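For reference, protein.cif (mmCIF, C-alpha atoms):
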data_target
loop_
_atom_site.label_atom_id
_atom_site.label_comp_id
_atom_site.auth_asym_id
_atom_site.auth_seq_id
_atom_site.Cartn_x
_atom_site.Cartn_y
_atom_site.Cartn_z
CA MET A 20 119.64 118.34 107.12
CA THR A 21 117.92 121.25 105.47
CA ASP A 22 115.85 120.39 102.40
CA TRP A 23 117.10 122.79 99.70
CA ASN A 24 114.16 122.42 97.35
CA ILE A 25 112.96 126.01 97.30
CA SER A 26 109.26 126.15 96.45
CA PRO A 27 107.76 128.61 93.93
CA GLU A 28 106.16 130.52 96.84
CA GLU A 29 109.54 130.85 98.50
CA TRP A 30 111.11 132.11 95.27
CA THR A 31 108.36 134.74 95.22
CA VAL A 32 109.26 135.71 98.79
CA ILE A 33 112.94 136.03 97.89
CA GLY A 34 112.19 138.00 94.73
CA LEU A 35 109.81 140.30 96.59
CA SER A 36 112.32 140.87 99.40
CA LEU A 37 115.00 141.89 96.90
CA LYS A 38 112.55 144.15 95.03
CA VAL A 39 111.35 145.83 98.24
CA SER A 40 114.90 146.35 99.54
CA VAL A 41 116.24 147.74 96.27
CA ALA A 42 113.26 150.11 96.04
CA ALA A 43 113.73 151.14 99.68
CA VAL A 44 117.38 152.04 99.07
CA ALA A 45 116.63 153.80 95.77
CA LEU A 46 113.92 155.86 97.48
CA MET A 47 115.98 156.75 100.55
CA LEU A 48 119.44 157.27 98.99
CA PRO A 49 118.81 160.84 97.79
CA ILE A 50 116.94 161.67 101.01
CA SER A 51 119.62 160.28 103.30
CA PHE A 52 122.32 162.00 101.21
CA ALA A 53 120.50 165.32 101.63
CA PHE A 54 120.22 164.78 105.41
CA ALA A 55 123.85 163.66 105.61
CA TRP A 56 125.02 166.73 103.68
CA ILE A 57 122.99 169.12 105.82
CA LEU A 58 124.18 167.48 109.05
CA ALA A 59 127.81 167.38 107.90
CA ARG A 60 128.10 170.83 106.33
CA TRP A 61 125.44 173.21 107.56
CA ARG A 62 125.27 175.05 110.85
CA PHE A 63 121.86 176.20 111.96
CA PRO A 64 119.75 176.36 115.09
CA GLY A 65 117.77 173.17 115.53
CA LYS A 66 120.46 170.98 113.94
CA LEU A 67 120.50 168.71 116.97
CA LEU A 68 116.76 168.30 116.62
CA LEU A 69 117.10 167.23 112.98
CA ASP A 70 119.93 164.87 113.92
CA THR A 71 117.73 163.29 116.58
CA ALA A 72 114.71 163.05 114.29
CA VAL A 73 116.74 161.27 111.59
CA HIS A 74 117.93 158.72 114.15
CA LEU A 75 114.48 158.15 115.64
CA PRO A 76 113.61 154.99 113.65
CA LEU A 77 116.75 153.40 115.12
CA VAL A 78 115.46 153.64 118.70
CA VAL A 79 111.66 153.80 118.50
CA PRO A 80 110.01 150.34 118.55
CA PRO A 81 109.51 149.38 114.86
CA VAL A 82 105.83 148.73 115.51
CA VAL A 83 105.47 152.39 116.51
CA THR A 84 107.14 153.51 113.28
CA GLY A 85 104.71 151.24 111.39
CA TRP A 86 101.76 152.72 113.26
CA LEU A 87 102.93 156.28 112.49
CA LEU A 88 103.21 155.34 108.80
CA LEU A 89 99.68 153.99 109.03
CA LEU A 90 98.49 157.29 110.49
CA LEU A 91 100.26 159.34 107.80
CA PHE A 92 99.80 157.13 104.74
CA GLY A 93 96.54 155.34 105.60
CA ALA A 94 93.40 156.15 103.58
CA ASN A 95 92.50 158.86 106.10
CA GLY A 96 96.04 160.04 106.80
CA PRO A 97 97.09 163.46 105.45
CA ILE A 98 99.65 162.08 102.97
CA GLY A 99 97.69 158.91 102.16
CA ARG A 100 94.56 160.90 101.25
CA TRP A 101 96.56 163.32 99.14
CA LEU A 102 98.25 160.47 97.24
CA LEU A 103 94.87 158.82 96.64
CA ASP A 104 93.07 162.02 95.57
CA TRP A 105 95.78 163.32 93.26
CA PHE A 106 97.44 160.19 91.90
CA GLY A 107 95.00 157.40 92.72
CA VAL A 108 97.84 155.68 94.57
CA THR A 109 97.76 153.92 97.90
CA LEU A 110 100.71 152.41 99.70
CA LEU A 111 98.61 150.46 102.16
CA PHE A 112 98.90 146.65 101.75
CA ARG A 113 101.18 147.18 98.73
CA TRP A 114 104.82 146.26 98.16
CA THR A 115 105.51 149.97 97.66
CA GLY A 116 104.34 150.49 101.25
CA ALA A 117 106.70 147.73 102.37
CA ALA A 118 109.51 149.55 100.53
CA LEU A 119 108.61 152.81 102.27
CA ALA A 120 108.61 151.14 105.70
CA ALA A 121 111.92 149.39 105.02
CA GLY A 122 113.38 152.64 103.68
CA ILE A 123 112.35 154.63 106.76
CA MET A 124 113.93 151.98 108.99
CA ALA A 125 117.15 152.06 106.91
CA LEU A 126 117.33 155.87 106.79
CA PRO A 127 119.34 156.43 110.02
CA LEU A 128 122.01 153.87 109.12
CA MET A 129 122.37 155.19 105.60
CA THR A 130 122.52 158.81 106.74
CA ARG A 131 125.17 157.96 109.32
CA ALA A 132 127.45 156.15 106.89
CA ILE A 133 127.14 158.86 104.24
CA ARG A 134 127.62 161.67 106.75
CA LEU A 135 130.90 160.15 107.95
CA SER A 136 132.19 159.97 104.40
CA ILE A 137 131.20 163.57 103.67
CA GLU A 138 132.92 164.72 106.86
CA ALA A 139 136.05 162.84 105.76
CA VAL A 140 136.33 164.85 102.53
CA ASP A 141 139.25 167.26 102.81
CA ARG A 142 137.71 170.74 102.55
CA ARG A 143 141.08 172.16 101.51
CA LEU A 144 140.72 170.30 98.21
CA GLU A 145 137.43 172.08 97.65
CA ASP A 146 139.16 175.43 98.30
CA ALA A 147 141.80 174.46 95.74
CA ALA A 148 139.08 173.69 93.20
CA ARG A 149 137.46 177.07 93.83
CA THR A 150 140.71 178.91 93.15
CA LEU A 151 140.85 177.02 89.84
CA GLY A 152 137.57 178.59 88.77
CA ALA A 153 135.10 175.91 89.85
CA GLY A 154 131.73 177.16 91.06
CA ARG A 155 129.83 175.63 93.94
CA PHE A 156 128.10 172.93 91.90
CA ARG A 157 131.22 171.90 90.01
CA VAL A 158 133.16 171.61 93.28
CA PHE A 159 130.40 169.37 94.60
CA ARG A 160 130.19 167.25 91.45
CA THR A 161 133.92 166.82 90.85
CA ILE A 162 135.42 166.84 94.36
CA ALA A 163 132.98 166.24 97.24
CA LEU A 164 130.79 163.67 95.50
CA PRO A 165 133.48 161.37 94.06
CA LEU A 166 135.55 161.53 97.26
CA SER A 167 132.57 160.53 99.39
CA LEU A 168 131.37 157.90 96.91
CA PRO A 169 132.76 154.85 98.77
CA GLY A 170 130.84 155.98 101.87
CA ILE A 171 127.69 156.57 99.84
CA LEU A 172 127.92 153.05 98.41
CA ALA A 173 128.64 151.61 101.86
CA GLY A 174 125.57 153.43 103.18
CA ALA A 175 123.43 152.07 100.35
CA VAL A 176 124.55 148.48 100.93
CA LEU A 177 124.08 148.84 104.69
CA GLY A 178 120.60 150.21 104.05
CA PHE A 179 119.90 147.24 101.78
CA ALA A 180 120.94 144.82 104.53
CA ARG A 181 118.73 146.62 107.01
CA ALA A 182 115.79 146.61 104.57
CA ILE A 183 116.14 142.85 103.91
CA GLY A 184 115.73 142.24 107.65
CA GLU A 185 112.88 144.69 108.23
CA PHE A 186 109.86 143.17 110.00
CA GLY A 187 108.03 145.20 112.66
CA ALA A 188 107.21 148.43 110.82
CA THR A 189 106.40 146.50 107.64
CA ILE A 190 103.92 144.05 109.13
CA THR A 191 102.23 146.87 111.05
CA PHE A 192 101.95 149.14 108.02
CA VAL A 193 101.25 146.76 105.13
CA SER A 194 100.36 143.49 106.90
CA ASP A 195 101.23 140.00 105.58
CA ILE A 196 99.92 139.51 102.05
CA PRO A 197 101.52 136.65 100.08
CA GLY A 198 103.06 137.87 96.85
CA GLU A 199 102.61 141.54 97.76
CA THR A 200 104.04 142.28 101.20
CA ARG A 201 105.27 138.89 102.48
CA THR A 202 109.02 139.53 102.61
CA LEU A 203 111.61 137.12 104.04
CA PRO A 204 111.23 137.94 107.75
CA ILE A 205 107.44 138.00 107.48
CA ALA A 206 107.43 134.66 105.61
CA ILE A 207 109.68 133.16 108.31
CA TYR A 208 107.33 134.45 111.02
CA SER A 209 104.28 133.05 109.18
CA ALA A 210 105.96 129.67 108.67
CA LEU A 211 106.79 129.54 112.38
CA GLN A 212 103.07 129.78 113.13
CA MET A 213 102.38 126.66 111.04
CA PRO A 214 103.10 123.16 112.30
CA GLY A 215 105.50 121.12 110.17
CA ALA A 216 107.09 124.09 108.37
CA GLU A 217 110.50 123.76 110.08
CA ALA A 218 112.27 122.97 106.80
CA ALA A 219 110.85 126.10 105.14
CA VAL A 220 111.86 128.19 108.17
CA SER A 221 115.47 126.93 108.02
CA ARG A 222 115.70 127.50 104.27
CA LEU A 223 114.37 131.06 104.47
CA ALA A 224 116.40 131.85 107.59
CA ILE A 225 119.63 130.68 105.95
CA ILE A 226 118.87 132.66 102.79
CA SER A 227 118.21 135.85 104.78
CA VAL A 228 121.40 135.36 106.80
CA ILE A 229 123.40 134.89 103.59
CA LEU A 230 121.88 137.99 101.97
CA SER A 231 122.40 140.18 105.04
CA LEU A 232 125.91 138.86 105.65
CA GLY A 233 126.90 139.43 102.04
CA ALA A 234 125.57 142.98 102.13
CA LEU A 235 127.29 143.75 105.44
CA LEU A 236 130.57 142.37 104.13
CA ILE A 237 130.41 144.54 101.02
CA SER A 238 129.47 147.58 103.10
CA GLU A 239 132.40 146.99 105.45
CA LEU A 240 134.83 146.63 102.54
CA LEU A 241 133.56 149.85 100.98
CA ALA A 242 133.74 151.70 104.30
CA ARG A 243 137.34 150.56 104.75
CA ARG A 244 138.15 151.76 101.29
CA ALA A 245 136.59 155.10 102.15
CA ALA A 246 138.72 155.37 105.29
CA THR A 247 142.08 154.27 103.88
CA GLY A 248 141.55 154.92 100.20
CA VAL A 249 141.97 157.99 98.07
CA ASN A 250 141.68 160.46 100.93
CA SER A 251 144.93 159.29 102.46
CA HIS A 252 146.87 160.01 99.27
CA VAL A 253 146.38 163.76 99.42
CA LEU A 254 149.70 165.42 98.91
CA MET B 11 150.45 197.70 89.07
CA SER B 12 150.95 193.96 89.58
CA PHE B 13 149.83 193.89 93.21
CA ASP B 14 147.97 196.56 95.18
CA ILE B 15 147.17 195.03 98.54
CA ASP B 16 145.96 196.75 101.68
CA VAL B 17 144.28 194.30 104.04
CA THR B 18 143.80 193.83 107.78
CA ARG B 19 142.20 191.03 109.68
CA GLN B 20 141.93 190.41 113.39
CA HIS B 21 142.81 186.80 114.13
CA GLY B 22 142.11 186.17 117.82
CA LYS B 23 144.49 188.55 119.59
CA ARG B 24 146.72 188.95 116.56
CA ARG B 25 146.24 191.54 113.88
CA ILE B 26 147.33 190.44 110.44
CA ALA B 27 147.98 193.31 108.09
CA LEU B 28 149.76 194.06 104.84
CA TYR B 29 150.04 197.19 102.80
CA HIS B 30 152.00 196.93 99.60
CA ARG B 31 151.78 198.38 96.09
CA THR B 32 154.21 197.23 93.46
CA GLN B 33 155.00 196.79 89.78
CA ALA B 34 157.43 193.95 90.50
CA ARG B 35 157.06 190.65 88.67
CA ILE B 36 157.98 188.57 91.70
CA VAL B 37 157.22 189.72 95.22
CA ALA B 38 158.45 187.64 98.17
CA LEU B 39 156.53 187.85 101.42
CA ILE B 40 159.02 186.92 104.13
CA GLY B 41 158.54 186.33 107.81
CA PRO B 42 158.71 183.75 110.56
CA SER B 43 156.02 181.10 110.85
CA GLY B 44 152.92 182.49 112.49
CA ALA B 45 153.43 185.93 110.97
CA GLY B 46 150.26 185.52 108.91
CA LYS B 47 151.83 185.05 105.48
CA THR B 48 149.44 182.25 104.46
CA SER B 49 146.49 184.28 105.75
CA ILE B 50 147.52 187.13 103.46
CA LEU B 51 147.57 184.78 100.44
CA SER B 52 144.17 183.39 101.45
CA MET B 53 142.78 186.92 101.67
CA VAL B 54 144.12 187.75 98.22
CA ALA B 55 142.63 184.49 96.87
CA GLY B 56 139.27 185.15 98.50
CA LEU B 57 139.37 182.10 100.76
CA LEU B 58 139.58 184.35 103.82
CA ARG B 59 137.76 187.65 104.14
CA PRO B 60 139.72 190.70 105.32
CA ASP B 61 138.02 192.85 107.94
CA HIS B 62 138.98 195.88 105.95
CA GLY B 63 140.90 196.99 102.89
CA HIS B 64 141.23 196.31 99.21
CA VAL B 65 142.97 193.89 96.87
CA SER B 66 143.81 194.59 93.24
CA VAL B 67 145.87 192.26 91.10
CA ALA B 68 147.11 193.06 87.59
CA GLY B 69 144.87 196.11 87.48
CA GLU B 70 141.67 194.30 88.45
CA THR B 71 139.93 194.99 91.76
CA LEU B 72 139.10 191.71 93.51
CA PHE B 73 138.06 193.03 96.90
CA ASP B 74 137.12 196.43 98.27
CA SER B 75 135.51 196.67 101.68
CA ASP B 76 134.51 200.33 101.17
CA ARG B 77 132.45 199.37 98.13
CA ARG B 78 131.32 196.12 99.77
CA PHE B 79 132.75 194.31 96.78
CA ALA B 80 134.24 190.81 96.91
CA LEU B 81 134.72 188.57 93.90
CA PRO B 82 134.25 184.89 94.81
CA PRO B 83 137.46 182.81 94.65
CA ALA B 84 136.27 181.00 91.52
CA ARG B 85 136.17 184.29 89.60
CA ARG B 86 139.41 185.83 90.81
CA ARG B 87 141.59 183.93 88.33
CA LEU B 88 144.46 183.51 90.78
CA GLY B 89 146.61 180.41 90.50
CA TYR B 90 147.15 179.35 94.08
CA VAL B 91 150.00 176.89 94.68
CA PHE B 92 149.41 175.60 98.20
CA GLN B 93 152.11 174.57 100.62
CA ASP B 94 150.42 171.16 100.92
CA ARG B 95 149.88 171.01 97.13
CA ARG B 96 146.28 169.79 97.36
CA LEU B 97 146.37 167.74 94.18
CA PHE B 98 143.06 165.96 93.65
CA PRO B 99 143.79 162.39 94.75
CA HIS B 100 141.06 160.80 92.62
CA MET B 101 142.29 162.29 89.35
CA ARG B 102 145.37 161.42 87.37
CA VAL B 103 148.02 164.11 86.89
CA ARG B 104 146.61 164.95 83.43
CA ASN B 105 143.14 165.67 84.84
CA ASN B 106 144.60 167.62 87.74
CA LEU B 107 146.39 169.83 85.21
CA LEU B 108 143.27 170.25 83.10
CA TYR B 109 140.91 170.93 86.02
CA GLY B 110 141.02 174.71 85.72
CA TYR B 111 141.86 174.84 82.01
CA THR B 112 140.06 177.45 79.97
CA PRO B 113 140.34 177.93 76.21
CA SER B 114 141.74 181.41 76.90
CA SER B 115 144.79 179.84 78.50
CA PRO B 116 147.96 180.68 76.57
CA HIS B 117 149.39 177.27 77.44
CA SER B 118 148.79 173.89 75.91
CA LEU B 119 149.11 170.87 78.15
CA ASP B 120 152.10 169.59 76.17
CA ASP B 121 154.00 172.90 76.20
CA LEU B 122 153.51 173.41 79.90
CA ALA B 123 154.32 169.79 80.76
CA GLY B 124 157.52 170.23 78.75
CA PHE B 125 158.47 173.46 80.55
CA LEU B 126 157.80 171.89 83.95
CA GLY B 127 159.42 168.57 83.06
CA ILE B 128 156.34 166.54 83.98
CA GLY B 129 155.43 165.10 80.58
CA HIS B 130 156.21 161.56 81.76
CA LEU B 131 153.93 161.91 84.81
CA LEU B 132 150.64 162.65 83.05
CA ASP B 133 149.12 159.20 83.58
CA ARG B 134 150.28 158.81 87.19
CA TRP B 135 148.14 159.23 90.33
CA PRO B 136 149.11 162.10 92.67
CA GLY B 137 149.72 159.62 95.50
CA THR B 138 152.65 158.09 93.61
CA LEU B 139 154.57 161.34 93.03
CA SER B 140 157.62 162.55 94.94
CA GLY B 141 157.46 165.93 96.72
CA GLY B 142 159.23 167.75 93.88
CA GLU B 143 157.11 166.10 91.19
CA ALA B 144 153.90 166.93 93.04
CA GLN B 145 155.00 170.55 93.40
CA ARG B 146 155.65 170.86 89.66
CA VAL B 147 152.21 169.43 88.95
CA ALA B 148 150.64 171.87 91.41
CA ILE B 149 152.39 174.77 89.67
CA GLY B 150 151.27 173.42 86.28
CA ARG B 151 147.68 173.09 87.44
CA ALA B 152 147.67 176.71 88.60
CA LEU B 153 149.21 177.96 85.33
CA MET B 154 146.79 175.98 83.15
CA SER B 155 143.85 177.93 84.61
CA ASP B 156 145.08 181.10 82.84
CA PRO B 157 145.60 183.05 86.07
CA ARG B 158 146.15 186.79 86.27
CA ALA B 159 148.77 186.08 88.97
CA LEU B 160 150.31 183.18 90.87
CA LEU B 161 150.15 182.90 94.65
CA MET B 162 152.79 180.50 95.95
CA ASP B 163 152.90 179.40 99.56
CA GLU B 164 156.31 177.98 100.56
CA PRO B 165 156.42 175.86 97.41
CA LEU B 166 159.83 174.37 98.29
CA SER B 167 158.99 173.35 101.85
CA SER B 168 158.82 169.62 101.21
CA VAL B 169 161.05 169.36 98.18
CA ASP B 170 164.26 167.33 98.20
CA PRO B 171 167.13 169.84 98.81
CA ARG B 172 168.85 168.70 95.59
CA ARG B 173 165.78 169.63 93.55
CA LYS B 174 165.19 173.02 95.18
CA ALA B 175 167.58 175.00 92.96
CA GLU B 176 166.06 173.42 89.88
CA ILE B 177 162.49 174.34 90.86
CA LEU B 178 163.52 177.86 91.96
CA ASP B 179 165.08 178.40 88.56
CA MET B 180 161.88 177.23 86.92
CA ILE B 181 159.74 179.56 89.06
CA ARG B 182 162.03 182.48 88.17
CA HIS B 183 161.20 181.93 84.50
CA ILE B 184 157.42 181.68 84.92
CA PRO B 185 156.80 185.43 84.37
CA ASP B 186 158.73 185.14 81.07
CA ILE B 187 156.58 182.37 79.63
CA SER B 188 153.28 183.27 81.27
CA GLN B 189 153.34 187.06 81.78
CA VAL B 190 151.89 186.57 85.27
CA PRO B 191 153.28 188.23 88.40
CA ILE B 192 154.01 186.01 91.42
CA LEU B 193 153.33 186.62 95.10
CA TYR B 194 155.71 184.21 96.79
CA VAL B 195 155.57 183.33 100.48
CA THR B 196 158.67 181.99 102.19
CA HIS B 197 160.60 182.14 105.44
CA ASP B 198 163.91 181.83 103.59
CA LEU B 199 165.55 185.08 102.52
CA GLY B 200 167.98 183.13 100.32
CA GLU B 201 165.12 181.82 98.18
CA ALA B 202 163.81 185.34 97.68
CA HIS B 203 167.23 186.59 96.56
CA ARG B 204 167.66 183.70 94.15
CA LEU B 205 164.31 184.54 92.60
CA GLY B 206 165.36 188.18 92.20
CA ALA B 207 162.18 189.06 94.04
CA GLU B 208 161.11 192.33 95.61
CA ILE B 209 161.14 191.62 99.33
CA VAL B 210 158.38 192.45 101.80
CA MET B 211 159.11 191.63 105.44
CA MET B 212 156.32 190.57 107.77
CA THR B 213 156.84 190.38 111.50
#

Take the structure in the file and give it back as structure tokens.
Amino acid sequence: MTDWNISPEEWTVIGLSLKVSVAAVALMLPISFAFAWILARWRFPGKLLLDTAVHLPLVVPPVVTGWLLLLLFGANGPIGRWLLDWFGVTLLFRWTGAALAAGIMALPLMTRAIRLSIEAVDRRLEDAARTLGAGRFRVFRTIALPLSLPGILAGAVLGFARAIGEFGATITFVSDIPGETRTLPIAIYSALQMPGAEAAVSRLAIISVILSLGALLISELLARRAATGVNSHVL
Amino acid sequence: MSFDIDVTRQHGKRRIALYHRTQARIVALIGPSGAGKTSILSMVAGLLRPDHGHVSVAGETLFDSDRRFALPPARRRLGYVFQDRRLFPHMRVRNNLLYGYTPSSPHSLDDLAGFLGIGHLLDRWPGTLSGGEAQRVAIGRALMSDPRALLMDEPLSSVDPRRKAEILDMIRHIPDISQVPILYVTHDLGEAHRLGAEIVMMT
């Protein structure tokens, strides 16, 4: 039987995991939407290269992604130094760094889901809006965006589920610091290293399964709505 | 001059062309499917670019290849009624009708809904409308945008046969209430006659 008395440290882990994942999605949503839009709508040489680059975190070992983040955002990395010099900010060993790592790992999944929903928008409706006097931005705001919204939400929830489970890139980039970067998977890994922590491992494992499952379920429901919803009612 | 159209466009091996100048209030473009009728409407609306020629509607030049001039579709003020209607599925009928509304429009929503017989549909979603109802809404949406002309692409193609005469009669009266000329695409000569339209054959 699992002991369900969640300790204050474990509550911190859960709270931190949620904070990191929400921040990761918030950070990556506009970026993945921009990538998804470019990949769905633009034609340019090198598109395949961009497509591949966006999907890279899906296939590269997470520890390599973490190491690359370390190179870029570390105190001596080009972006890390710039952030430190100009804003006095460092992401290293901070929860913000964990959010960045989780966001990068979630980017391909989010981009994919959003791209599919943008591709599903009926372009003929956008032509109709143009003949009614709508300029490019109004067509985007009133037609393309609302019609792809279920897919955007599905992508966000999927990204959240991915971020909740993120381990390899995070531990490589921001290490395991209780209260700052110790998210659910890292806490489970740490507990596994300690003798007699089986109860804590089961509790945290079950919580992470419930969170990920819930997010996946919501994402699937939204994606179904995107596929069979408003787009199929076009007359 | 209501319509002054002289356009050509190479479409694969086919050459789509139309030359027509007229003062008529309703012009019917007639021809078999594949003759390029819809392409002509799209070129007039600015959704398709002619290789060469010019388009003027109600005295306003919209396209002229010699002057390298092409107004974007959003600024052409042409009410395009598509064969597949293209009502916005995520907006209720009322918001579909108001989408292109400008204060310069001579119509109020209530007047136009009354004329088209769609007053009772304003709060419905497009997906719940019958073919005839959806077509009336599509015509209303085009008229609400204060167009300089209407472009209609086979508007009766998926309308219940019993409702066709009714809608044709309504279309015939549009130039009276709206002062806009109509370029009407059909494959049915009978429709054109019933509209009292000037007939242009495309082959």

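Rounded to one decimal, atom CA of Leu88 of chain A and atom CA of Val39 of chain A lie 16.4 Å from each other.
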
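Protein and nucleic acid residues near (123.4, 160.1, 106.5) are A:Ser51, A:Phe52, A:Ala53, A:Phe54, A:Ala55, A:Trp56, A:Leu58, A:Leu126, A:Pro127, A:Leu128, A:Met129, A:Thr130, A:Arg131, A:Ala132, A:Ile133, A:Arg134, A:Leu135, A:Gly174, the criterion being any atom at most 8 Å away using all atoms listed in the file.
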
Produce a table with one row for each residue of chain B that has an atom at most 8 Å from any atom of chain A, each row naming the nearest atom pair and its distance in Å at one decimal; use all atoms listed in the file; arrange rows by chain and rising residue number; format as JSON lines.
{"residue": "B:Ala55", "atom": "CA", "partner": "A:Thr150", "partner_atom": "CA", "distance": 7.0}
{"residue": "B:Leu57", "atom": "CA", "partner": "A:Asp146", "partner_atom": "CA", "distance": 7.1}
{"residue": "B:Pro83", "atom": "CA", "partner": "A:Thr150", "partner_atom": "CA", "distance": 5.3}
{"residue": "B:Ala84", "atom": "CA", "partner": "A:Gly152", "partner_atom": "CA", "distance": 3.9}
{"residue": "B:Arg85", "atom": "CA", "partner": "A:Gly152", "partner_atom": "CA", "distance": 5.9}
{"residue": "B:Arg86", "atom": "CA", "partner": "A:Thr150", "partner_atom": "CA", "distance": 7.4}
{"residue": "B:Arg87", "atom": "CA", "partner": "A:Gly152", "partner_atom": "CA", "distance": 6.7}
{"residue": "B:Leu88", "atom": "CA", "partner": "A:Thr150", "partner_atom": "CA", "distance": 6.4}
{"residue": "B:Gly89", "atom": "CA", "partner": "A:Thr150", "partner_atom": "CA", "distance": 6.6}
{"residue": "B:Tyr90", "atom": "CA", "partner": "A:Thr150", "partner_atom": "CA", "distance": 6.5}
{"residue": "B:Asp94", "atom": "CA", "partner": "A:Leu254", "partner_atom": "CA", "distance": 6.1}
{"residue": "B:Arg95", "atom": "CA", "partner": "A:Leu254", "partner_atom": "CA", "distance": 5.9}
{"residue": "B:Arg96", "atom": "CA", "partner": "A:Leu144", "partner_atom": "CA", "distance": 5.6}
{"residue": "B:Leu97", "atom": "CA", "partner": "A:Leu254", "partner_atom": "CA", "distance": 6.2}
{"residue": "B:Phe98", "atom": "CA", "partner": "A:Leu144", "partner_atom": "CA", "distance": 6.7}
{"residue": "B:Pro99", "atom": "CA", "partner": "A:Val253", "partner_atom": "CA", "distance": 5.5}
{"residue": "B:His100", "atom": "CA", "partner": "A:Val249", "partner_atom": "CA", "distance": 6.2}
{"residue": "B:Tyr109", "atom": "CA", "partner": "A:Leu151", "partner_atom": "CA", "distance": 7.2}
{"residue": "B:Gly110", "atom": "CA", "partner": "A:Leu151", "partner_atom": "CA", "distance": 4.7}
{"residue": "B:Pro136", "atom": "CA", "partner": "A:Leu254", "partner_atom": "CA", "distance": 7.1}
{"residue": "B:Gly137", "atom": "CA", "partner": "A:His252", "partner_atom": "CA", "distance": 4.7}
{"residue": "B:Ala144", "atom": "CA", "partner": "A:Leu254", "partner_atom": "CA", "distance": 7.4}
{"residue": "B:Ala152", "atom": "CA", "partner": "A:Leu151", "partner_atom": "CA", "distance": 6.9}
{"residue": "B:Ser155", "atom": "CA", "partner": "A:Leu151", "partner_atom": "CA", "distance": 6.1}

For C-alpha atoms, I'd like the residues from the last selection saved as a short mmCIF file (atom, residue, chain, number, x, y, z; two decimals), keeping the file's coordinate frame.
data_model
loop_
_atom_site.label_atom_id
_atom_site.label_comp_id
_atom_site.auth_asym_id
_atom_site.auth_seq_id
_atom_site.Cartn_x
_atom_site.Cartn_y
_atom_site.Cartn_z
CA ALA B 55 142.63 184.49 96.87
CA LEU B 57 139.37 182.10 100.76
CA PRO B 83 137.46 182.81 94.65
CA ALA B 84 136.27 181.00 91.52
CA ARG B 85 136.17 184.29 89.60
CA ARG B 86 139.41 185.83 90.81
CA ARG B 87 141.59 183.93 88.33
CA LEU B 88 144.46 183.51 90.78
CA GLY B 89 146.61 180.41 90.50
CA TYR B 90 147.15 179.35 94.08
CA ASP B 94 150.42 171.16 100.92
CA ARG B 95 149.88 171.01 97.13
CA ARG B 96 146.28 169.79 97.36
CA LEU B 97 146.37 167.74 94.18
CA PHE B 98 143.06 165.96 93.65
CA PRO B 99 143.79 162.39 94.75
CA HIS B 100 141.06 160.80 92.62
CA TYR B 109 140.91 170.93 86.02
CA GLY B 110 141.02 174.71 85.72
CA PRO B 136 149.11 162.10 92.67
CA GLY B 137 149.72 159.62 95.50
CA ALA B 144 153.90 166.93 93.04
CA ALA B 152 147.67 176.71 88.60
CA SER B 155 143.85 177.93 84.61
#

Query raised in the report: Hey, which of B:His203, B:Ser168, B:Ile192, B:Pro42 ends up closest to Phe13 of chain B? Count only C-alpha atoms.
Result: B:Ile192

Requested in this report: Point out the residue among A:Leu164, A:Ala188, A:Leu119, A:Arg60 with the least atom-to-atom distance to Leu87 of chain A, counting only C-alpha atoms.
Outcome: A:Ala188

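Interatomic distance, atom CA of Ala121 of chain A to atom CA of Arg100 of chain A: 21.2 Å.
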
Report task. For the file shown, report as number ranges by chain the outcome of the PyMOL selection byres ((chain B and resi 66) around 10) at residue level. Result -> B: 11-16, 31, 54, 64-65, 67-74

Report task. Let me know the residues the PyMOL selection byres ((chain A and resi 201-206) around 7) catches in the file above, as a list in words. Result -> Val32, Ile33, Leu35, Ser36, Gly184, Glu185, Phe186, Asp195, Ile196, Pro197, Gly198, Glu199, Thr200, Ile207, Tyr208, Ser209, Ala210, Leu223 and Ser227 of chain A

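Counting from atom CA of Arg134 of chain B, the distance to atom CA of Met101 of chain B is 9.0 Å.
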
What are the centre and edge lengths in Å, to one decimal, of the axis-aligned box around all listed atoms of segment 130-143 of chain A with 8 Å added on each side, as lines of an AutoDock Vina configuration file?
center_x = 131.8
center_y = 164.2
center_z = 105.4
size_x = 34.6
size_y = 32.0
size_z = 23.8

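When the PyMOL selection byres ((chain B and resi 24) around 12) is run on the displayed coordinates, the residues it returns are Thr18, Arg19, Gln20, His21, Gly22, Lys23, Arg25, Ile26, Ala27, Gly44, Ala45, Gly46, Ser49 and Thr213 of chain B.
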
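Around segment 228-235 of chain A, within 8 Å and counting all atoms listed in the file, the residues found are Val176, Leu177, Phe179, Ala180, Arg181, Ile183 and Gly184 of chain A, once anything fewer than 5 positions away on its own chain is removed.
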
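Restricting the calculation to all atoms listed in the file, the smallest distance between Ile57 of chain A and any of A:Leu69, A:Ile25, A:Val79, A:Leu89 is found for A:Leu69.
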
Within 9 Å of (111.9, 125.4, 106.5) (coordinates as in the file), grab all the protein and nucleic acid residues, counting all atoms listed in the file, and write them out as a CSV table (one decimal) with C-alpha atoms, in the frame of the given file.
chain,number,residue,atom,x,y,z
A,21,THR,CA,117.9,121.2,105.5
A,22,ASP,CA,115.8,120.4,102.4
A,23,TRP,CA,117.1,122.8,99.7
A,207,ILE,CA,109.7,133.2,108.3
A,210,ALA,CA,106.0,129.7,108.7
A,211,LEU,CA,106.8,129.5,112.4
A,215,GLY,CA,105.5,121.1,110.2
A,216,ALA,CA,107.1,124.1,108.4
A,217,GLU,CA,110.5,123.8,110.1
A,218,ALA,CA,112.3,123.0,106.8
A,219,ALA,CA,110.8,126.1,105.1
A,220,VAL,CA,111.9,128.2,108.2
A,221,SER,CA,115.5,126.9,108.0
A,222,ARG,CA,115.7,127.5,104.3
A,223,LEU,CA,114.4,131.1,104.5
A,224,ALA,CA,116.4,131.8,107.6
